[in-house]
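Data block for input-v8.txt (compact mmCIF, C-alpha atoms and all ligand atoms):
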```txt
# COMPACT_ATOMS: atom_id res chain seq x y z
CA MET B 212 6.35 31.44 -14.71
CA ALA B 213 3.89 28.65 -13.86
CA ARG B 214 5.33 25.64 -12.08
CA GLN B 215 5.64 22.48 -14.17
CA VAL B 216 4.40 19.25 -12.63
CA LEU B 217 4.38 15.62 -13.80
CA ILE B 218 1.92 13.09 -12.37
CA VAL B 219 2.42 9.46 -13.41
CA GLY B 220 -0.76 7.41 -12.90
CA ALA B 221 -3.46 10.08 -12.87
CA SER B 222 -6.62 8.32 -14.07
CA ARG B 223 -8.30 8.20 -10.66
CA GLY B 224 -7.75 8.27 -6.92
CA ILE B 225 -4.68 10.02 -5.54
CA GLY B 226 -3.12 10.73 -8.95
CA LEU B 227 -6.24 12.44 -10.32
CA GLU B 228 -6.50 14.55 -7.17
CA PHE B 229 -2.88 15.69 -7.62
CA VAL B 230 -3.85 16.89 -11.11
CA ARG B 231 -6.93 18.72 -9.80
CA GLN B 232 -5.06 20.47 -7.01
CA TYR B 233 -2.02 21.46 -9.08
CA ARG B 234 -4.27 22.79 -11.87
CA ALA B 235 -6.30 24.76 -9.32
CA ALA B 236 -3.01 26.25 -8.09
CA GLY B 237 -2.16 27.37 -11.65
CA ALA B 238 0.55 24.81 -12.41
CA GLN B 239 1.21 23.43 -15.88
CA VAL B 240 0.50 19.73 -15.48
CA VAL B 241 1.61 16.77 -17.57
CA ALA B 242 -0.32 13.68 -16.47
CA THR B 243 -0.36 10.07 -17.60
CA ALA B 244 -3.12 7.48 -17.86
CA ARG B 245 -3.70 4.22 -19.70
CA LYS B 246 -7.20 4.59 -21.11
CA GLU B 247 -8.51 7.03 -23.73
CA GLU B 248 -11.45 8.15 -21.59
CA ASP B 249 -9.10 8.97 -18.71
CA LEU B 250 -6.77 10.88 -21.04
CA ALA B 251 -9.78 12.90 -22.23
CA ARG B 252 -10.75 13.76 -18.64
CA LEU B 253 -7.22 14.91 -17.89
CA ARG B 254 -7.34 17.20 -20.94
CA GLU B 255 -10.66 18.61 -19.68
CA LEU B 256 -8.83 19.53 -16.49
CA GLY B 257 -6.30 21.44 -18.58
CA ALA B 258 -3.48 18.93 -18.28
CA THR B 259 -1.28 17.66 -21.08
CA ALA B 260 -2.25 13.99 -21.16
CA LEU B 261 0.20 11.23 -22.09
CA LYS B 262 -0.67 7.59 -22.57
CA LEU B 263 1.54 5.45 -20.36
CA ASP B 264 1.32 1.94 -18.97
CA VAL B 265 4.32 1.43 -16.72
CA THR B 266 4.12 -2.36 -17.15
CA ASP B 267 4.31 -2.14 -20.94
CA THR B 268 7.91 -2.03 -22.14
CA ALA B 269 7.26 -0.06 -25.35
CA SER B 270 4.86 2.38 -23.68
CA ALA B 271 7.13 3.02 -20.69
CA SER B 272 10.30 3.49 -22.73
CA GLY B 273 8.68 6.30 -24.75
CA LEU B 274 8.29 8.66 -21.81
CA ALA B 275 11.64 10.45 -22.20
CA TRP B 276 10.89 11.79 -25.67
CA GLN B 277 7.31 12.65 -24.72
CA ILE B 278 8.53 14.94 -21.95
CA ASP B 279 11.57 16.23 -23.82
CA GLY B 280 11.89 19.99 -23.29
CA HIS B 281 10.03 20.02 -19.96
CA GLN B 282 11.65 21.15 -16.72
CA PHE B 283 9.47 19.78 -13.97
CA ASP B 284 9.50 21.43 -10.57
CA GLU B 285 7.61 18.47 -9.10
CA ALA B 286 7.21 14.91 -10.36
CA VAL B 287 5.11 12.33 -8.53
CA ILE B 288 4.94 8.65 -9.44
CA VAL B 289 1.58 7.45 -8.14
CA ALA B 290 0.74 4.39 -10.28
CA GLY B 291 0.45 1.22 -8.27
CA VAL B 292 -1.58 -1.93 -7.66
CA TYR B 293 -2.38 -3.89 -4.49
CA GLY B 294 -2.56 -7.44 -5.84
CA PRO B 295 -3.97 -10.35 -3.85
CA LYS B 296 -5.64 -9.49 -0.53
CA THR B 297 -3.89 -12.10 1.58
CA SER B 298 -3.73 -12.16 5.39
CA GLY B 299 -0.86 -14.53 6.10
CA LEU B 300 2.16 -16.10 4.47
CA GLN B 301 0.37 -17.18 1.31
CA THR B 302 2.83 -17.64 -1.54
CA PRO B 303 1.64 -15.51 -4.44
CA SER B 304 1.22 -17.03 -7.87
CA ALA B 305 4.00 -16.20 -10.29
CA GLU B 306 1.45 -14.18 -12.29
CA ASP B 307 0.43 -12.09 -9.27
CA PHE B 308 4.07 -11.61 -8.29
CA ASP B 309 4.97 -10.41 -11.77
CA ALA B 310 1.97 -8.08 -12.02
CA VAL B 311 2.54 -6.37 -8.66
CA MET B 312 6.32 -6.12 -8.94
CA ARG B 313 6.15 -4.87 -12.52
CA ALA B 314 3.72 -2.11 -11.63
CA ASN B 315 5.09 -1.06 -8.24
CA VAL B 316 8.84 -1.62 -8.69
CA LEU B 317 9.80 -2.02 -12.34
CA GLY B 318 7.44 0.82 -13.29
CA PRO B 319 9.26 3.45 -11.19
CA MET B 320 12.63 1.92 -12.23
CA ARG B 321 11.59 2.63 -15.82
CA VAL B 322 10.18 6.09 -15.21
CA ILE B 323 12.78 7.62 -12.88
CA PRO B 324 15.83 7.39 -15.19
CA GLN B 325 13.83 9.01 -17.98
CA LEU B 326 13.00 11.96 -15.73
CA ALA B 327 16.57 12.88 -14.91
CA ASP B 328 16.98 15.38 -17.76
CA ALA B 329 13.47 16.75 -17.35
CA LEU B 330 13.84 17.86 -13.73
CA ALA B 331 14.39 21.55 -13.03
CA PRO B 332 17.28 22.31 -10.67
CA GLY B 333 16.00 21.86 -7.11
CA ALA B 334 13.05 19.79 -8.31
CA ARG B 335 11.13 17.44 -6.02
CA LEU B 336 10.63 13.84 -7.10
CA ALA B 337 8.29 11.65 -5.07
CA VAL B 338 7.04 8.10 -5.23
CA ILE B 339 3.81 7.07 -3.55
CA SER B 340 4.87 4.13 -1.45
CA SER B 341 3.08 2.91 1.68
CA LYS B 342 3.68 2.49 5.38
CA MET B 343 2.94 -1.17 4.59
CA GLY B 344 6.35 -1.20 2.90
CA SER B 345 8.16 -0.13 6.06
CA ILE B 346 10.15 -2.95 7.64
CA ALA B 347 10.71 -1.02 10.87
CA LEU B 348 6.96 -0.39 11.36
CA ARG B 349 5.87 -3.90 10.37
CA GLY B 350 3.06 -5.24 12.58
CA SER B 351 0.99 -7.37 10.23
CA THR B 352 1.38 -9.79 7.35
CA ALA B 353 -1.71 -8.59 5.46
CA GLY B 354 -0.88 -7.98 1.83
CA TRP B 355 2.44 -9.85 1.90
CA LEU B 356 3.25 -9.26 -1.75
CA TYR B 357 2.16 -5.60 -1.71
CA ARG B 358 4.34 -4.99 1.37
CA ALA B 359 7.34 -6.55 -0.36
CA SER B 360 6.75 -4.43 -3.45
CA LYS B 361 6.56 -1.17 -1.48
CA ALA B 362 9.68 -2.10 0.53
CA ALA B 363 11.43 -2.60 -2.82
CA LEU B 364 10.03 0.71 -4.08
CA ASN B 365 11.51 2.45 -1.02
CA SER B 366 14.90 0.97 -1.96
CA VAL B 367 14.45 2.24 -5.52
CA LEU B 368 13.68 5.74 -4.23
CA LYS B 369 16.70 5.73 -1.90
CA ASP B 370 19.02 4.95 -4.80
CA ALA B 371 17.32 7.62 -6.93
CA SER B 372 18.01 10.12 -4.14
CA LEU B 373 21.72 9.31 -4.36
CA ALA B 374 21.88 9.35 -8.16
CA LEU B 375 19.89 12.57 -8.55
CA ALA B 376 21.18 14.40 -5.46
CA GLU B 377 22.68 17.25 -7.50
CA ARG B 378 19.38 17.85 -9.23
CA ALA B 379 16.41 16.98 -7.04
CA ILE B 380 15.09 16.21 -3.57
CA CYS B 381 13.71 12.66 -3.80
CA ILE B 382 11.23 11.43 -1.20
CA SER B 383 8.92 8.50 -0.58
CA PHE B 384 5.38 9.06 0.73
CA HIS B 385 2.85 7.13 2.73
CA PRO B 386 -0.31 8.93 1.54
CA GLY B 387 -2.33 7.89 4.59
CA TRP B 388 -5.12 5.33 4.42
CA VAL B 389 -7.11 7.08 1.72
CA ARG B 390 -10.69 6.60 0.46
CA THR B 391 -10.03 5.48 -3.14
CA ASP B 392 -10.72 2.34 -5.15
CA MET B 393 -7.65 0.83 -3.50
CA GLY B 394 -8.12 2.21 0.00
CA GLY B 395 -11.88 1.48 0.14
CA SER B 396 -14.73 3.49 1.63
CA GLU B 397 -13.78 2.80 5.27
CA ALA B 398 -10.36 4.46 4.98
CA ASP B 399 -9.29 7.26 7.32
CA ILE B 400 -8.99 10.29 5.04
CA ASP B 401 -10.22 11.64 1.72
CA VAL B 402 -8.01 12.21 -1.31
CA ALA B 403 -8.15 15.99 -0.93
CA THR B 404 -6.62 15.82 2.58
CA SER B 405 -3.96 13.32 1.54
CA VAL B 406 -2.88 15.22 -1.56
CA ALA B 407 -2.99 18.66 0.09
CA GLY B 408 -0.69 17.32 2.79
CA MET B 409 1.77 15.80 0.32
CA ARG B 410 1.79 18.99 -1.78
CA THR B 411 2.72 20.97 1.31
CA VAL B 412 5.56 18.55 2.09
CA LEU B 413 6.80 18.77 -1.52
CA ALA B 414 6.71 22.55 -1.43
CA THR B 415 8.59 22.86 1.85
CA VAL B 416 10.93 19.86 2.10
CA LYS B 417 14.57 20.85 2.60
CA PRO B 418 17.57 19.33 0.77
CA GLU B 419 18.77 17.54 3.92
CA TYR B 420 15.65 15.36 3.69
CA ASN B 421 16.64 14.00 0.28
CA GLY B 422 16.11 10.24 0.40
CA CYS B 423 13.62 10.27 3.31
CA PHE B 424 10.22 8.64 3.89
CA PHE B 425 7.29 10.86 4.94
CA ASN B 426 3.72 10.48 6.02
CA TYR B 427 1.34 12.69 4.01
CA ASP B 428 1.24 15.17 6.91
CA GLY B 429 5.01 15.63 6.97
CA GLN B 430 5.80 13.23 9.82
CA ALA B 431 9.05 11.33 9.15
CA LEU B 432 8.63 7.56 8.86
CA ALA B 433 11.13 4.78 9.52
CA TRP B 434 12.04 2.68 6.47
P1 LIG X 501 -6.30 3.52 -7.20
O1 LIG X 501 -6.45 2.05 -7.30
O2 LIG X 501 -7.49 4.39 -7.02
O3 LIG X 501 -5.45 4.08 -8.46
C1 LIG X 501 -4.32 3.41 -8.91
C2 LIG X 501 -3.74 4.22 -10.03
O4 LIG X 501 -2.56 3.56 -10.53
C3 LIG X 501 -4.70 4.38 -11.20
O5 LIG X 501 -4.52 5.65 -11.79
C4 LIG X 501 -4.21 3.29 -12.14
O6 LIG X 501 -4.55 3.46 -13.50
C5 LIG X 501 -2.71 3.43 -11.93
N1 LIG X 501 -2.00 2.27 -12.44
C6 LIG X 501 -2.07 1.00 -12.00
N2 LIG X 501 -1.30 0.21 -12.76
C7 LIG X 501 -0.74 1.01 -13.70
C8 LIG X 501 0.13 0.79 -14.79
N3 LIG X 501 0.58 -0.44 -15.09
N4 LIG X 501 0.53 1.84 -15.54
C9 LIG X 501 0.08 3.07 -15.26
N5 LIG X 501 -0.79 3.36 -14.28
C10 LIG X 501 -1.18 2.32 -13.50
O7 LIG X 501 -5.28 3.70 -5.98
P2 LIG X 501 -4.89 4.96 -5.08
O8 LIG X 501 -5.14 6.23 -5.77
O9 LIG X 501 -5.44 4.71 -3.74
O10 LIG X 501 -3.31 4.67 -4.95
C11 LIG X 501 -2.32 5.45 -5.58
C12 LIG X 501 -0.98 5.02 -5.00
O11 LIG X 501 -1.02 5.20 -3.58
C13 LIG X 501 -0.66 3.55 -5.23
O12 LIG X 501 0.72 3.43 -5.54
C14 LIG X 501 -0.95 2.90 -3.89
O13 LIG X 501 -0.18 1.73 -3.68
C15 LIG X 501 -0.59 4.02 -2.93
N6 LIG X 501 -1.23 3.92 -1.63
C16 LIG X 501 -2.58 4.05 -1.48
C17 LIG X 501 -3.16 3.97 -0.23
C18 LIG X 501 -4.62 4.15 0.00
O14 LIG X 501 -5.07 4.05 1.17
N7 LIG X 501 -5.43 4.44 -1.02
C19 LIG X 501 -2.35 3.71 0.99
C20 LIG X 501 -0.93 3.59 0.72
C21 LIG X 501 -0.41 3.69 -0.54
P3 LIG X 501 -5.85 2.69 -14.18
O15 LIG X 501 -7.06 3.51 -13.82
O16 LIG X 501 -5.54 2.71 -15.64
O17 LIG X 501 -5.91 1.32 -13.59
```
Would you write the structure of this file as structure tokens?
Amino acid sequence: MARQVLIVGASRGIGLEFVRQYRAAGAQVVATARKEEDLARLRELGATALKLDVTDTASASGLAWQIDGHQFDEAVIVAGVYGPKTSGLQTPSAEDFDAVMRANVLGPMRVIPQLADALAPGARLAVISSKMGSIALRGSTAGWLYRASKAALNSVLKDASLALAERAICISFHPGWVRTDMGGSEADIDVATSVAGMRTVLATVKPEYNGCFFNYDGQALAW
């Protein structure tokens, strides 16, 4: 039977590439996006497309019934925003704080509990975090708010790995510095390389690595 995969935040960039690669590998893919034109493109790729804005309470709370009956082998929460491009300790506006934390932290906190019953035994659940969220590897203050949001996301994933331990292997990814709208054209790697690496990690990660943080190429990262 074809593998079932869920990609949350698949309109472009890393999420869209996950859809492309999983479809090319013959998986049944359920993918989410916010805009009608993006939903149409996902359908053209052969995915089941669901409208989902993780910052919208009504939209986000409807996910469980939309995926009722699915048993996902892999689920990846990709949706995220960078927020203000600061380079020092610049206090974010309350609006920027709310926007970034809602998308990067509250979004996964809304999505993950709704996935619990839709994960196949032994499933892999991943969030796309960032090395910028690592406290141990911290060497810069660029993107202060984004860093805080990804550190919080790593905490969210760690708790998910405890709560879902009987059901799934839960991991956090740094996707690399990737050429996307967010990563920019000067970034190190293309989306195909990043996503191929993360798919390999998802396919091979062992249960003892539940609750761990990985680079896209499988290297373990410090929190
Ligand atoms: P993009 O900016 O290209 O894509 C961001 C994606 O997130 C889009 O699909 C966007 O949808 C979606 N999204 C944003 N807000 C919401 C929301 N409220 N509800 C649903 N979907 C939402 O970024 P990337 O592909 O580069 O990044 C994907 C993930 O990888 C992010 O979490 C990012 O933080 C992380 N990351 C990226 C790095 C890089 O170098 N590119 C490095 C480290 C981490 P829409 O089109 O509707 O806006």
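Residue nearest ligand LIG 501 (chain X), chosen from B:Gly344, B:Gly350, B:Gly429, B:Gly333 and counting all atoms listed in the file: B:Gly344.
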(request) Check the smallest atom-to-atom distance from each of B:Gly408, B:Gly273, B:Pro324, B:Gly299 to Glu228 (chain B) using all atoms listed in the file, then report the winner. (result) B:Gly408
Please find the residues contacting ligand LIG 501 (chain X) at a distance of at most 7 Å between atoms, with all atoms listed in the file counted, and report them as a compact mmCIF listing (two decimals) with C-alpha atoms, in the coordinates of the input.
```txt
# COMPACT_ATOMS: atom_id res chain seq x y z
CA VAL B 219 2.42 9.46 -13.41
CA GLY B 220 -0.76 7.41 -12.90
CA ALA B 221 -3.46 10.08 -12.87
CA SER B 222 -6.62 8.32 -14.07
CA ARG B 223 -8.30 8.20 -10.66
CA GLY B 224 -7.75 8.27 -6.92
CA ILE B 225 -4.68 10.02 -5.54
CA GLY B 226 -3.12 10.73 -8.95
CA ALA B 244 -3.12 7.48 -17.86
CA ARG B 245 -3.70 4.22 -19.70
CA LYS B 246 -7.20 4.59 -21.11
CA LEU B 263 1.54 5.45 -20.36
CA ASP B 264 1.32 1.94 -18.97
CA VAL B 265 4.32 1.43 -16.72
CA THR B 266 4.12 -2.36 -17.15
CA VAL B 289 1.58 7.45 -8.14
CA ALA B 290 0.74 4.39 -10.28
CA GLY B 291 0.45 1.22 -8.27
CA VAL B 292 -1.58 -1.93 -7.66
CA TYR B 293 -2.38 -3.89 -4.49
CA ALA B 314 3.72 -2.11 -11.63
CA ASN B 315 5.09 -1.06 -8.24
CA ILE B 339 3.81 7.07 -3.55
CA SER B 340 4.87 4.13 -1.45
CA SER B 341 3.08 2.91 1.68
CA LYS B 342 3.68 2.49 5.38
CA HIS B 385 2.85 7.13 2.73
CA PRO B 386 -0.31 8.93 1.54
CA GLY B 387 -2.33 7.89 4.59
CA TRP B 388 -5.12 5.33 4.42
CA VAL B 389 -7.11 7.08 1.72
CA ARG B 390 -10.69 6.60 0.46
CA THR B 391 -10.03 5.48 -3.14
CA ASP B 392 -10.72 2.34 -5.15
CA MET B 393 -7.65 0.83 -3.50
CA GLY B 394 -8.12 2.21 0.00
CA ALA B 398 -10.36 4.46 4.98
```
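You can rank B:Ile346, B:Ala260, B:Val241, B:Ala359 by their closest distance to Ala329 (chain B) using only C-alpha atoms, and at the top of that list sits B:Val241.
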(message) For region 411-428 of chain B, find every residue with an atom within 10 Å (counting only C-alpha atoms), except residues of its own chain fewer than 6 positions away, and show them as a ChimeraX atom specification.
(response) /B:284-287,333-342,345,365-366,368-373,375-377,379-388,404-405,434
Grab region 357-390 of chain B from that structure and dump N, CA and C atoms to a file, as a compact mmCIF listing (two decimals), in the first residue's frame.
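Writing done, so here's out_30.txt:
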```
# COMPACT_ATOMS: atom_id res chain seq x y z
N TYR B 357 12.80 35.52 15.69
CA TYR B 357 12.74 34.23 14.98
C TYR B 357 13.45 33.16 15.79
N ARG B 358 14.64 33.51 16.33
CA ARG B 358 15.41 32.54 17.13
C ARG B 358 14.58 32.08 18.33
N ALA B 359 13.96 33.06 19.00
CA ALA B 359 13.15 32.70 20.18
C ALA B 359 12.00 31.79 19.79
N SER B 360 11.41 32.06 18.63
CA SER B 360 10.25 31.25 18.21
C SER B 360 10.68 29.83 17.87
N LYS B 361 11.86 29.66 17.27
CA LYS B 361 12.30 28.31 16.91
C LYS B 361 12.81 27.56 18.15
N ALA B 362 13.36 28.29 19.14
CA ALA B 362 13.71 27.64 20.40
C ALA B 362 12.43 27.12 21.07
N ALA B 363 11.38 27.94 21.04
CA ALA B 363 10.10 27.51 21.61
C ALA B 363 9.53 26.33 20.83
N LEU B 364 9.67 26.37 19.52
CA LEU B 364 9.18 25.24 18.70
C LEU B 364 9.91 23.95 19.07
N ASN B 365 11.22 24.05 19.33
CA ASN B 365 11.96 22.85 19.73
C ASN B 365 11.42 22.29 21.04
N SER B 366 11.04 23.17 21.96
CA SER B 366 10.42 22.73 23.21
C SER B 366 9.09 22.03 22.94
N VAL B 367 8.31 22.60 22.04
CA VAL B 367 7.02 22.00 21.67
C VAL B 367 7.22 20.59 21.11
N LEU B 368 8.23 20.45 20.26
CA LEU B 368 8.50 19.13 19.64
C LEU B 368 8.94 18.13 20.69
N LYS B 369 9.78 18.58 21.63
CA LYS B 369 10.26 17.67 22.68
C LYS B 369 9.08 17.13 23.48
N ASP B 370 8.16 17.99 23.84
CA ASP B 370 6.99 17.51 24.60
C ASP B 370 6.13 16.58 23.74
N ALA B 371 6.01 16.89 22.45
CA ALA B 371 5.25 16.00 21.56
C ALA B 371 5.90 14.62 21.52
N SER B 372 7.23 14.59 21.57
CA SER B 372 7.93 13.30 21.51
C SER B 372 7.65 12.47 22.75
N LEU B 373 7.40 13.13 23.88
CA LEU B 373 7.04 12.39 25.11
C LEU B 373 5.59 11.93 25.03
N ALA B 374 4.71 12.83 24.61
CA ALA B 374 3.28 12.51 24.60
C ALA B 374 2.94 11.44 23.56
N LEU B 375 3.66 11.43 22.45
CA LEU B 375 3.31 10.53 21.35
C LEU B 375 4.28 9.35 21.22
N ALA B 376 5.08 9.14 22.27
CA ALA B 376 6.17 8.14 22.17
C ALA B 376 5.68 6.75 21.79
N GLU B 377 4.48 6.39 22.19
CA GLU B 377 3.96 5.04 21.88
C GLU B 377 3.60 4.91 20.41
N ARG B 378 3.43 6.06 19.76
CA ARG B 378 2.84 6.07 18.43
C ARG B 378 3.82 6.45 17.32
N ALA B 379 4.71 7.42 17.65
CA ALA B 379 5.50 8.03 16.57
C ALA B 379 6.90 8.38 17.03
N ILE B 380 7.79 8.54 16.06
CA ILE B 380 9.13 9.11 16.32
C ILE B 380 9.04 10.58 15.92
N CYS B 381 9.23 11.46 16.89
CA CYS B 381 9.06 12.90 16.65
C CYS B 381 10.43 13.57 16.62
N ILE B 382 10.73 14.30 15.56
CA ILE B 382 12.03 14.95 15.45
C ILE B 382 11.89 16.39 14.94
N SER B 383 12.90 17.17 15.27
CA SER B 383 12.98 18.56 14.83
C SER B 383 14.11 18.65 13.80
N PHE B 384 13.89 19.43 12.73
CA PHE B 384 14.90 19.55 11.68
C PHE B 384 15.42 20.98 11.55
N HIS B 385 16.72 21.10 11.31
CA HIS B 385 17.26 22.28 10.64
C HIS B 385 17.39 21.88 9.17
N PRO B 386 16.68 22.59 8.26
CA PRO B 386 16.68 22.14 6.86
C PRO B 386 17.92 22.53 6.08
N GLY B 387 18.90 23.15 6.76
CA GLY B 387 20.01 23.77 6.05
C GLY B 387 19.63 25.23 5.76
N TRP B 388 20.59 25.96 5.19
CA TRP B 388 20.27 27.31 4.71
C TRP B 388 19.88 27.13 3.25
N VAL B 389 18.58 27.29 2.98
CA VAL B 389 18.00 26.79 1.74
C VAL B 389 17.52 27.95 0.85
N ARG B 390 17.78 27.83 -0.46
CA ARG B 390 17.37 28.87 -1.41
C ARG B 390 15.85 28.83 -1.61
```
